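Asker: I'd like to ask some things about the structure below.
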There are 2 protein chains.
Amino acid sequence: MNEIVLVGLGLHDEKGISLRGLEEAKTSDHIFIELYTSLLPGFSMKRFEKLSGKKLCTLSRRELEDESGKKILDAAEKGKVVLLVPGDPLIATTHIALRIEAEKRGVKTRIVHGASALSAVIGLSGLHSYKFGKCVTIPFPDETSSETPYEVITKNRKFGLHTICLLDIKAEQKRYLTIPEAIDALLEIEQKRKAGTVTLGTLAVGIAQAGSSNPTVKADFLKNLRKHDFPDPPQTLIFPGKLHFTEAEALIVLAGAPRKLMETAE
Amino acid sequence: MNEIVLVGLGLHDEKGISLRGLEEAKTSDHIFIELYTSLLPGFSMKRFEKLSGKKLCTLSRRELEDESGKKILDAAEKGKVVLLVPGDPLIATTHIALRIEAEKRGVKTRIVHGASALSAVIGLSGLHSYKFGKCVTIPFPDETSSETPYEVITKNRKFGLHTICLLDIKAEQKRYLTIPEAIDALLEIEQKRKAGTVTLGTLAVGIAQAGSSNPTVKADFLKNLRKHDFPDPPQTLIFPGKLHFTEAEALIVLAGAPRKLMETAE
């Protein structure tokens, strides 16, 4: 059967994949993997090859993006191809482009979903999922002077909504923006914009190692959070909007937030 | 070890769970399961019991909410408890309440994430994940006259953002709001509010059976979408905001949208 199955690896390591995803891998003719759209800190190619009984072929960003996934598309002319991707497929636009290209060539595509970092950090924060606004990625400050993240947080906050800030990664260079760097980049924009969105007294939630057996979830004011000792990436920042009192309680009990949050919750 | 591990079952059936989640189930002293916060149409208790080698104890909404999860908390005094939940844990506020209650009693909690319907429908739609605003649930129209969903779509659209509309479920009564019913409920609010948010000419994406091997993803104007023959629930509706031309292309190629979408995309 000529088809491409995009399989989500879920979070953290090779045990994040679903039973359905592993089955697809076992019955494929070719398995490709990309590990640059998101970080799985505990993932081992060797262990996955043992689990699936198949050899993995790693694709670089160049092969998947500049060359439009030619390797995968060519392999799919000859049989069933599985592309393993971190998290949940299609959250990265690269995967959508590949799917469109395949369907245009008459190659069928299917998706096996995996746990996504977006959903995981919402859950770990204890904040209500229907109160999250648009999410945003904070870029490396030496690469761009974009103020978009600041604007997104400001606008969401205006409507009482929470903001997930994904932190940029350059997996192929092993560069990951950290929570303190992201906070400092936002504080610098605050110096210019002065909307009061991101100050030392602003509450945020830092999350590291989501999906591992021991994630860190710490809620505090930025003046403390920027000094907090978070474990290695992946890391994420959440800026809460208006807090319902059950959300304030969750931040206090599950994320060590200052007790005085209860005073301003609704 | 006295602890409660909330394990996400992911989507569709018993093969949606991660390898890590199944391992936790196999090594637990008690397994509880709730299947009312979301629908897994292909899930079989029998098959899961065979996979895990453990007996499952089903919890009703009453047991988990009105009785604050007393059964689980009591079992956790005696050993390791796994609570299986559809999708990704903690997206339902019930699970957050249970976690807080447990931690207050000194019982540790851990999370094993699963694929979430929220992330799955974003991916299946082909729309860009960072362009989704606040999401909303459309309730049964005979139970409430809430106009919140209409307002959320209107506000998101104002900022060019997409809206996920989850459709209400009453799993214990096997009642699931369908896409045509949800569309008609919104059209009725339009009659009153006349903001032009939801008309017969409005584009939307209907998704059914997300997470199965053959999900339906159909993009069309409401006048056609409300007559489209979707398979059984779970079903979800997405109202796109402003479309980037790659998003329009994705809707056309992957979701059979009318080609004229390309004319209005940016």
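Quick note on naming: the chains in the structure tokens go A, B, ... in the order shown, residues restart at 1 in each chain, and ligands are numbered from 1 in order of appearance.
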Find the residues near Leu177 (chain A): any atom within 12 Å, counting only C-alpha atoms, skip ones fewer than 2 places away on the same chain, and give them as a CSV table (one decimal) with N, CA, C and O atoms, in the first residue's frame.

Answerer:
```csv
chain,number,residue,atom,x,y,z
A,39,LEU,N,11.7,19.0,21.0
A,39,LEU,CA,12.8,18.3,21.6
A,39,LEU,C,12.2,17.1,22.5
A,39,LEU,O,11.4,17.3,23.3
A,137,THR,N,5.4,31.9,19.9
A,137,THR,CA,6.8,31.4,20.1
A,137,THR,C,7.7,32.6,20.4
A,137,THR,O,7.7,33.6,19.6
A,138,ILE,N,8.5,32.5,21.4
A,138,ILE,CA,9.5,33.6,21.7
A,138,ILE,C,10.7,33.2,21.0
A,138,ILE,O,11.3,32.1,21.2
A,139,PRO,N,11.2,34.1,20.1
A,139,PRO,CA,12.4,33.7,19.3
A,139,PRO,C,13.7,34.1,20.1
A,139,PRO,O,13.6,34.8,21.1
A,140,PHE,N,14.8,33.6,19.6
A,140,PHE,CA,16.1,34.0,20.1
A,140,PHE,C,16.3,35.5,19.9
A,140,PHE,O,16.2,36.0,18.8
A,141,PRO,N,16.6,36.2,21.0
A,141,PRO,CA,16.6,37.7,20.9
A,141,PRO,C,17.8,38.2,20.0
A,141,PRO,O,17.7,39.3,19.5
A,142,ASP,N,18.8,37.4,19.8
A,142,ASP,CA,19.9,37.8,18.9
A,142,ASP,C,19.5,37.7,17.5
A,142,ASP,O,20.3,38.1,16.6
A,143,GLU,N,18.4,37.0,17.2
A,143,GLU,CA,18.1,36.7,15.8
A,143,GLU,C,17.0,37.7,15.2
A,143,GLU,O,16.8,37.8,14.0
A,165,CYS,N,3.7,30.6,25.8
A,165,CYS,CA,4.8,31.0,25.0
A,165,CYS,C,5.7,29.8,24.9
A,165,CYS,O,6.4,29.4,25.8
A,166,LEU,N,5.8,29.3,23.6
A,166,LEU,CA,6.7,28.3,23.3
A,166,LEU,C,8.1,29.0,23.2
A,166,LEU,O,8.2,30.1,22.7
A,167,LEU,N,9.2,28.3,23.6
A,167,LEU,CA,10.5,28.9,23.5
A,167,LEU,C,11.2,28.3,22.3
A,167,LEU,O,11.2,27.1,22.1
A,168,ASP,N,11.8,29.2,21.5
A,168,ASP,CA,12.4,28.8,20.2
A,168,ASP,C,13.5,27.7,20.4
A,168,ASP,O,14.2,27.7,21.4
A,169,ILE,N,13.6,26.8,19.5
A,169,ILE,CA,14.6,25.8,19.5
A,169,ILE,C,15.3,25.7,18.1
A,169,ILE,O,14.7,26.0,17.1
A,170,LYS,N,16.6,25.5,18.2
A,170,LYS,CA,17.4,25.2,17.0
A,170,LYS,C,18.0,23.8,17.3
A,170,LYS,O,19.1,23.7,17.7
A,171,ALA,N,17.2,22.8,17.1
A,171,ALA,CA,17.6,21.5,17.6
A,171,ALA,C,18.9,21.0,16.9
A,171,ALA,O,19.7,20.4,17.5
A,173,GLN,N,21.4,22.7,16.1
A,173,GLN,CA,22.5,23.3,16.7
A,173,GLN,C,22.5,23.1,18.3
A,173,GLN,O,23.3,23.7,19.0
A,174,LYS,N,21.6,22.3,18.7
A,174,LYS,CA,21.4,22.1,20.2
A,174,LYS,C,21.3,23.4,20.9
A,174,LYS,O,21.8,23.6,22.0
A,175,ARG,N,20.5,24.3,20.4
A,175,ARG,CA,20.3,25.6,21.0
A,175,ARG,C,18.8,25.7,21.4
A,175,ARG,O,17.9,25.5,20.6
A,179,ILE,N,13.9,29.7,29.9
A,179,ILE,CA,12.9,30.5,30.6
A,179,ILE,C,13.5,31.9,31.0
A,179,ILE,O,12.9,32.9,30.7
A,180,PRO,N,14.7,31.9,31.7
A,180,PRO,CA,15.2,33.2,32.1
A,180,PRO,C,15.5,34.1,30.9
A,180,PRO,O,15.3,35.3,30.9
A,181,GLU,N,16.1,33.5,29.8
A,181,GLU,CA,16.3,34.3,28.6
A,181,GLU,C,15.1,34.9,28.0
A,181,GLU,O,15.0,36.0,27.6
A,182,ALA,N,14.0,34.1,28.0
A,182,ALA,CA,12.7,34.5,27.4
A,182,ALA,C,12.2,35.7,28.3
A,182,ALA,O,11.7,36.7,27.8
A,183,ILE,N,12.2,35.5,29.6
A,183,ILE,CA,11.7,36.5,30.5
A,183,ILE,C,12.5,37.8,30.3
A,183,ILE,O,11.9,38.9,30.1
A,184,ASP,N,13.8,37.7,30.2
A,184,ASP,CA,14.6,39.0,30.0
A,184,ASP,C,14.3,39.6,28.7
A,184,ASP,O,14.3,40.9,28.6
A,185,ALA,N,14.1,38.8,27.7
A,185,ALA,CA,13.8,39.4,26.3
A,185,ALA,C,12.4,40.2,26.4
A,185,ALA,O,12.3,41.3,25.9
A,208,ALA,N,9.2,22.9,32.8
A,208,ALA,CA,10.3,22.2,32.1
A,208,ALA,C,10.1,20.7,32.2
A,208,ALA,O,9.5,20.2,33.1
A,232,ASP,N,16.9,21.0,32.5
A,232,ASP,CA,17.1,21.2,31.1
A,232,ASP,C,15.8,21.3,30.2
A,232,ASP,O,14.8,20.9,30.6
A,233,PRO,N,15.9,21.9,29.0
A,233,PRO,CA,14.8,22.0,28.1
A,233,PRO,C,14.3,20.6,27.8
A,233,PRO,O,15.0,19.6,28.0
A,234,PRO,N,13.1,20.5,27.2
A,234,PRO,CA,12.2,21.6,26.8
A,234,PRO,C,11.6,22.4,27.9
A,234,PRO,O,11.3,21.9,29.0
A,235,GLN,N,11.5,23.7,27.7
A,235,GLN,CA,10.9,24.6,28.7
A,235,GLN,C,9.8,25.5,28.0
A,235,GLN,O,9.9,25.7,26.8
A,236,THR,N,8.8,25.9,28.8
A,236,THR,CA,7.7,26.7,28.3
A,236,THR,C,7.3,27.7,29.3
A,236,THR,O,7.5,27.5,30.5
A,237,LEU,N,6.8,28.8,28.9
A,237,LEU,CA,6.3,29.9,29.8
A,237,LEU,C,4.9,30.1,29.5
A,237,LEU,O,4.4,30.1,28.4
```

Asker: Can I get the residues of chain B within 7 Å of chain A, each with the closest pair of atoms and their distance in Å to one decimal, using only C-alpha atoms, sorted chain first then ascending number, as JSON lines?

Answerer:
```
{"residue": "B:Lys15", "atom": "CA", "partner": "A:Leu19", "partner_atom": "CA", "distance": 4.9}
{"residue": "B:Gly16", "atom": "CA", "partner": "A:Ser18", "partner_atom": "CA", "distance": 5.3}
{"residue": "B:Ile17", "atom": "CA", "partner": "A:Ser18", "partner_atom": "CA", "distance": 5.1}
{"residue": "B:Ser18", "atom": "CA", "partner": "A:Ser18", "partner_atom": "CA", "distance": 3.9}
{"residue": "B:Leu19", "atom": "CA", "partner": "A:Lys15", "partner_atom": "CA", "distance": 4.9}
{"residue": "B:Arg20", "atom": "CA", "partner": "A:Lys15", "partner_atom": "CA", "distance": 5.0}
{"residue": "B:Pro89", "atom": "CA", "partner": "A:Gly123", "partner_atom": "CA", "distance": 6.6}
{"residue": "B:Leu90", "atom": "CA", "partner": "A:Gly123", "partner_atom": "CA", "distance": 4.6}
{"residue": "B:Ile91", "atom": "CA", "partner": "A:Gly123", "partner_atom": "CA", "distance": 5.5}
{"residue": "B:Thr93", "atom": "CA", "partner": "A:His128", "partner_atom": "CA", "distance": 6.7}
{"residue": "B:Ile96", "atom": "CA", "partner": "A:Gly126", "partner_atom": "CA", "distance": 6.1}
{"residue": "B:Ile100", "atom": "CA", "partner": "A:Ala250", "partner_atom": "CA", "distance": 6.4}
{"residue": "B:Val112", "atom": "CA", "partner": "A:Gly211", "partner_atom": "CA", "distance": 6.7}
{"residue": "B:His113", "atom": "CA", "partner": "A:Ala115", "partner_atom": "CA", "distance": 5.8}
{"residue": "B:Gly114", "atom": "CA", "partner": "A:Ala115", "partner_atom": "CA", "distance": 4.6}
{"residue": "B:Ala115", "atom": "CA", "partner": "A:Ala115", "partner_atom": "CA", "distance": 3.9}
{"residue": "B:Ser116", "atom": "CA", "partner": "A:Ala115", "partner_atom": "CA", "distance": 6.5}
{"residue": "B:Ser119", "atom": "CA", "partner": "A:Ser116", "partner_atom": "CA", "distance": 6.8}
{"residue": "B:Ala120", "atom": "CA", "partner": "A:His113", "partner_atom": "CA", "distance": 6.5}
{"residue": "B:Gly123", "atom": "CA", "partner": "A:Leu90", "partner_atom": "CA", "distance": 4.6}
{"residue": "B:Gly126", "atom": "CA", "partner": "A:Ile96", "partner_atom": "CA", "distance": 6.1}
{"residue": "B:His128", "atom": "CA", "partner": "A:Thr93", "partner_atom": "CA", "distance": 6.7}
{"residue": "B:Ser129", "atom": "CA", "partner": "A:Ile91", "partner_atom": "CA", "distance": 5.8}
{"residue": "B:Tyr130", "atom": "CA", "partner": "A:Cys135", "partner_atom": "CA", "distance": 5.4}
{"residue": "B:Lys131", "atom": "CA", "partner": "A:Lys134", "partner_atom": "CA", "distance": 6.2}
{"residue": "B:Phe132", "atom": "CA", "partner": "A:Lys134", "partner_atom": "CA", "distance": 5.5}
{"residue": "B:Gly133", "atom": "CA", "partner": "A:Lys134", "partner_atom": "CA", "distance": 4.5}
{"residue": "B:Lys134", "atom": "CA", "partner": "A:Gly133", "partner_atom": "CA", "distance": 4.5}
{"residue": "B:Cys135", "atom": "CA", "partner": "A:Tyr130", "partner_atom": "CA", "distance": 5.4}
{"residue": "B:Val136", "atom": "CA", "partner": "A:Tyr130", "partner_atom": "CA", "distance": 6.2}
{"residue": "B:Gly211", "atom": "CA", "partner": "A:His113", "partner_atom": "CA", "distance": 6.5}
{"residue": "B:Ala250", "atom": "CA", "partner": "A:Ile100", "partner_atom": "CA", "distance": 6.4}
{"residue": "B:Val253", "atom": "CA", "partner": "A:Ile100", "partner_atom": "CA", "distance": 6.5}
{"residue": "B:Leu254", "atom": "CA", "partner": "A:Ile100", "partner_atom": "CA", "distance": 7.0}
```

Asker: Using DSSP on the backbone coordinates, identify the residues of region 62-225 of chain A assigned to helix (DSSP H, G or I); present them as a ChimeraX atom specification.

Answerer: /A:62-66,70-76,93-104,117-125,129-131,148-158,171-173,179-193,222-225

Asker: Neighbours of Pro258 (chain B) within 9 Å (only C-alpha atoms; same-chain residues fewer than 3 positions away dropped), as a short mmCIF file (atom, residue, chain, number, x, y, z; two decimals) with N, CA, C and O atoms, in the first residue's frame?

Answerer:
```cif
data_model
loop_
_atom_site.label_atom_id
_atom_site.label_comp_id
_atom_site.auth_asym_id
_atom_site.auth_seq_id
_atom_site.Cartn_x
_atom_site.Cartn_y
_atom_site.Cartn_z
N ALA B 219 -14.46 20.77 4.80
CA ALA B 219 -14.58 22.23 4.88
C ALA B 219 -15.56 22.69 3.82
O ALA B 219 -15.46 22.31 2.66
N ASP B 220 -16.51 23.51 4.23
CA ASP B 220 -17.49 24.02 3.26
C ASP B 220 -18.27 25.17 3.90
O ASP B 220 -18.14 25.43 5.10
N PHE B 221 -19.06 25.83 3.08
CA PHE B 221 -19.93 26.86 3.62
C PHE B 221 -21.06 26.18 4.39
O PHE B 221 -21.46 25.06 4.08
N LEU B 251 -7.06 23.44 3.19
CA LEU B 251 -8.50 23.16 3.28
C LEU B 251 -9.03 22.59 1.96
O LEU B 251 -9.90 21.71 1.96
N ILE B 252 -8.49 23.10 0.85
CA ILE B 252 -8.95 22.63 -0.46
C ILE B 252 -8.46 21.20 -0.72
O ILE B 252 -9.25 20.31 -1.07
N LEU B 261 -11.94 29.59 -2.23
CA LEU B 261 -11.28 30.08 -1.02
C LEU B 261 -9.98 30.79 -1.33
O LEU B 261 -9.56 31.71 -0.62
N MET B 262 -9.28 30.31 -2.37
CA MET B 262 -7.98 30.89 -2.72
C MET B 262 -8.09 32.38 -3.01
O MET B 262 -7.14 33.13 -2.80
#
```

Asker: Please list as a ChimeraX atom specification every residue within 12 Å of Glu63 (chain B), counting only C-alpha atoms and excluding residues in the same chain fewer than 6 positions away.

Answerer: /B:32-34,36,57,69-73,94,98

Asker: Which parts of region 23-240 of chain A does DSSP call strand (DSSP E or B) when run on the backbone here, written out as a ChimeraX atom specification?

Answerer: /A:30-33,56-58,80-85,87,108-112,132,136-138,162-167,169-170,175-176,203-208,216-221,235-239

Asker: Save the residues we just selected, N, CA and C atoms, as a compact mmCIF listing (two decimals), in the first residue's frame?

Answerer:
```txt
# COMPACT_ATOMS: atom_id res chain seq x y z
N HIS A 30 9.32 1.61 5.15
CA HIS A 30 10.41 2.57 5.43
C HIS A 30 9.99 3.42 6.60
N ILE A 31 10.92 3.67 7.53
CA ILE A 31 10.62 4.63 8.59
C ILE A 31 11.60 5.78 8.54
N PHE A 32 11.04 6.99 8.46
CA PHE A 32 11.84 8.21 8.59
C PHE A 32 11.51 8.84 9.94
N ILE A 33 12.43 9.67 10.41
CA ILE A 33 12.18 10.38 11.66
C ILE A 33 12.76 11.78 11.55
N LEU A 56 15.74 3.23 11.45
CA LEU A 56 15.22 4.58 11.25
C LEU A 56 16.15 5.38 10.36
N CYS A 57 15.57 6.20 9.50
CA CYS A 57 16.37 7.11 8.68
C CYS A 57 16.05 8.54 9.10
N THR A 58 17.04 9.25 9.63
CA THR A 58 16.80 10.61 10.15
C THR A 58 16.77 11.63 9.02
N LYS A 80 4.68 1.44 2.02
CA LYS A 80 4.14 2.19 3.15
C LYS A 80 5.26 2.87 3.91
N VAL A 81 5.15 4.18 4.04
CA VAL A 81 6.17 4.96 4.72
C VAL A 81 5.61 5.53 6.01
N VAL A 82 6.38 5.40 7.09
CA VAL A 82 6.02 6.06 8.34
C VAL A 82 7.00 7.20 8.58
N LEU A 83 6.47 8.39 8.88
CA LEU A 83 7.33 9.50 9.31
C LEU A 83 7.04 9.76 10.79
N LEU A 84 8.05 9.51 11.63
CA LEU A 84 7.91 9.77 13.06
C LEU A 84 8.25 11.23 13.34
N VAL A 85 7.39 11.89 14.11
CA VAL A 85 7.64 13.30 14.45
C VAL A 85 7.39 13.51 15.94
N GLY A 87 5.94 14.93 19.38
CA GLY A 87 4.64 15.50 19.77
C GLY A 87 3.52 14.99 18.91
N LYS A 108 -1.72 8.70 -0.57
CA LYS A 108 -2.61 8.90 0.57
C LYS A 108 -1.79 9.18 1.83
N THR A 109 -2.35 9.97 2.74
CA THR A 109 -1.68 10.23 4.02
C THR A 109 -2.65 9.92 5.16
N ARG A 110 -2.08 9.43 6.25
CA ARG A 110 -2.88 9.21 7.46
C ARG A 110 -2.10 9.77 8.65
N ILE A 111 -2.82 10.01 9.73
CA ILE A 111 -2.20 10.60 10.92
C ILE A 111 -2.44 9.67 12.12
N VAL A 112 -1.40 9.43 12.89
CA VAL A 112 -1.58 8.81 14.21
C VAL A 112 -1.13 9.85 15.22
N PHE A 132 -7.43 29.79 27.36
CA PHE A 132 -6.19 30.13 26.67
C PHE A 132 -6.50 30.85 25.36
N VAL A 136 2.05 31.66 21.19
CA VAL A 136 3.11 32.39 20.47
C VAL A 136 4.46 31.74 20.77
N THR A 137 5.41 31.89 19.86
CA THR A 137 6.77 31.41 20.10
C THR A 137 7.68 32.59 20.38
N ILE A 138 8.47 32.50 21.43
CA ILE A 138 9.45 33.56 21.71
C ILE A 138 10.74 33.19 20.99
N HIS A 162 -5.20 33.43 29.08
CA HIS A 162 -3.84 32.97 29.32
C HIS A 162 -3.08 32.84 27.98
N THR A 163 -1.75 32.96 28.06
CA THR A 163 -0.91 32.83 26.86
C THR A 163 0.18 31.78 27.05
N ILE A 164 0.23 30.81 26.15
CA ILE A 164 1.36 29.88 26.12
C ILE A 164 2.45 30.49 25.26
N CYS A 165 3.65 30.60 25.82
CA CYS A 165 4.82 31.03 25.05
C CYS A 165 5.74 29.84 24.86
N LEU A 166 5.76 29.31 23.64
CA LEU A 166 6.74 28.28 23.32
C LEU A 166 8.09 28.97 23.17
N LEU A 167 9.15 28.30 23.56
CA LEU A 167 10.48 28.90 23.48
C LEU A 167 11.21 28.31 22.28
N ILE A 169 13.56 26.79 19.45
CA ILE A 169 14.63 25.80 19.50
C ILE A 169 15.32 25.75 18.14
N LYS A 170 16.60 25.49 18.18
CA LYS A 170 17.38 25.18 16.98
C LYS A 170 18.00 23.82 17.28
N ARG A 175 20.52 24.35 20.36
CA ARG A 175 20.29 25.63 21.03
C ARG A 175 18.83 25.71 21.43
N TYR A 176 18.58 26.00 22.69
CA TYR A 176 17.21 26.08 23.19
C TYR A 176 17.09 27.35 24.02
N LEU A 203 2.93 37.72 37.19
CA LEU A 203 2.91 36.28 37.47
C LEU A 203 3.09 35.48 36.19
N ALA A 204 3.91 34.44 36.25
CA ALA A 204 4.02 33.52 35.12
C ALA A 204 4.26 32.11 35.63
N VAL A 205 4.10 31.14 34.75
CA VAL A 205 4.32 29.74 35.10
C VAL A 205 5.41 29.20 34.18
N GLY A 206 6.46 28.69 34.76
CA GLY A 206 7.53 28.07 33.99
C GLY A 206 7.39 26.56 34.06
N ILE A 207 7.49 25.90 32.92
CA ILE A 207 7.35 24.44 32.89
C ILE A 207 8.55 23.85 32.16
N ALA A 208 9.18 22.86 32.77
CA ALA A 208 10.31 22.20 32.12
C ALA A 208 10.09 20.70 32.16
N THR A 216 8.97 19.92 36.01
CA THR A 216 8.98 21.06 36.94
C THR A 216 7.90 22.04 36.50
N VAL A 217 7.04 22.42 37.44
CA VAL A 217 6.00 23.41 37.16
C VAL A 217 6.07 24.43 38.28
N LYS A 218 6.51 25.64 37.97
CA LYS A 218 6.72 26.65 39.00
C LYS A 218 6.04 27.95 38.62
N ALA A 219 5.13 28.40 39.49
CA ALA A 219 4.45 29.67 39.27
C ALA A 219 4.99 30.70 40.25
N ASP A 220 5.37 31.85 39.73
CA ASP A 220 5.88 32.91 40.63
C ASP A 220 5.92 34.23 39.86
N PHE A 221 6.21 35.30 40.60
CA PHE A 221 6.39 36.59 39.93
C PHE A 221 7.72 36.57 39.20
N GLN A 235 11.48 23.73 27.70
CA GLN A 235 10.90 24.64 28.67
C GLN A 235 9.81 25.47 27.99
N THR A 236 8.84 25.88 28.78
CA THR A 236 7.72 26.68 28.26
C THR A 236 7.33 27.71 29.31
N LEU A 237 6.82 28.83 28.88
CA LEU A 237 6.34 29.86 29.79
C LEU A 237 4.85 30.09 29.55
N ILE A 238 4.10 30.26 30.62
CA ILE A 238 2.69 30.64 30.47
C ILE A 238 2.44 31.93 31.24
N PHE A 239 1.79 32.88 30.57
CA PHE A 239 1.38 34.11 31.25
C PHE A 239 -0.13 34.02 31.50
```

Asker: Between CA of Arg259 (chain B) and CA of Gly241 (chain B), what is the distance, to one decimal in Å?

Answerer: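 Rounded to one decimal, the two atoms are 17.1 Å apart.
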
Asker: Can you pull out every residue within 10 Å of Gly201 (chain A), counting only C-alpha atoms, but drop anything in the same chain fewer than 4 positions away, and send it as a CSV table (one decimal) with N, CA and C atoms, in the first residue's frame?

Answerer:
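So selection_24.csv came out as:
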```csv
chain,number,residue,atom,x,y,z
A,196,GLY,N,3.0,47.7,30.7
A,196,GLY,CA,2.8,47.1,32.0
A,196,GLY,C,2.5,45.6,31.9
A,197,THR,N,2.7,45.0,30.7
A,197,THR,CA,2.3,43.6,30.4
A,197,THR,C,3.2,42.7,31.1
A,220,ASP,N,5.4,31.9,39.7
A,220,ASP,CA,5.9,32.9,40.6
A,220,ASP,C,5.9,34.2,39.9
A,221,PHE,N,6.2,35.3,40.6
A,221,PHE,CA,6.4,36.6,39.9
A,221,PHE,C,7.7,36.6,39.2
A,222,LEU,N,7.8,37.3,38.1
A,222,LEU,CA,9.0,37.3,37.2
A,222,LEU,C,10.3,37.5,38.0
A,223,LYS,N,10.2,38.4,39.0
A,223,LYS,CA,11.5,38.7,39.7
A,223,LYS,C,12.1,37.5,40.3
A,224,ASN,N,11.2,36.6,40.7
A,224,ASN,CA,11.7,35.3,41.3
A,224,ASN,C,11.9,34.2,40.2
```
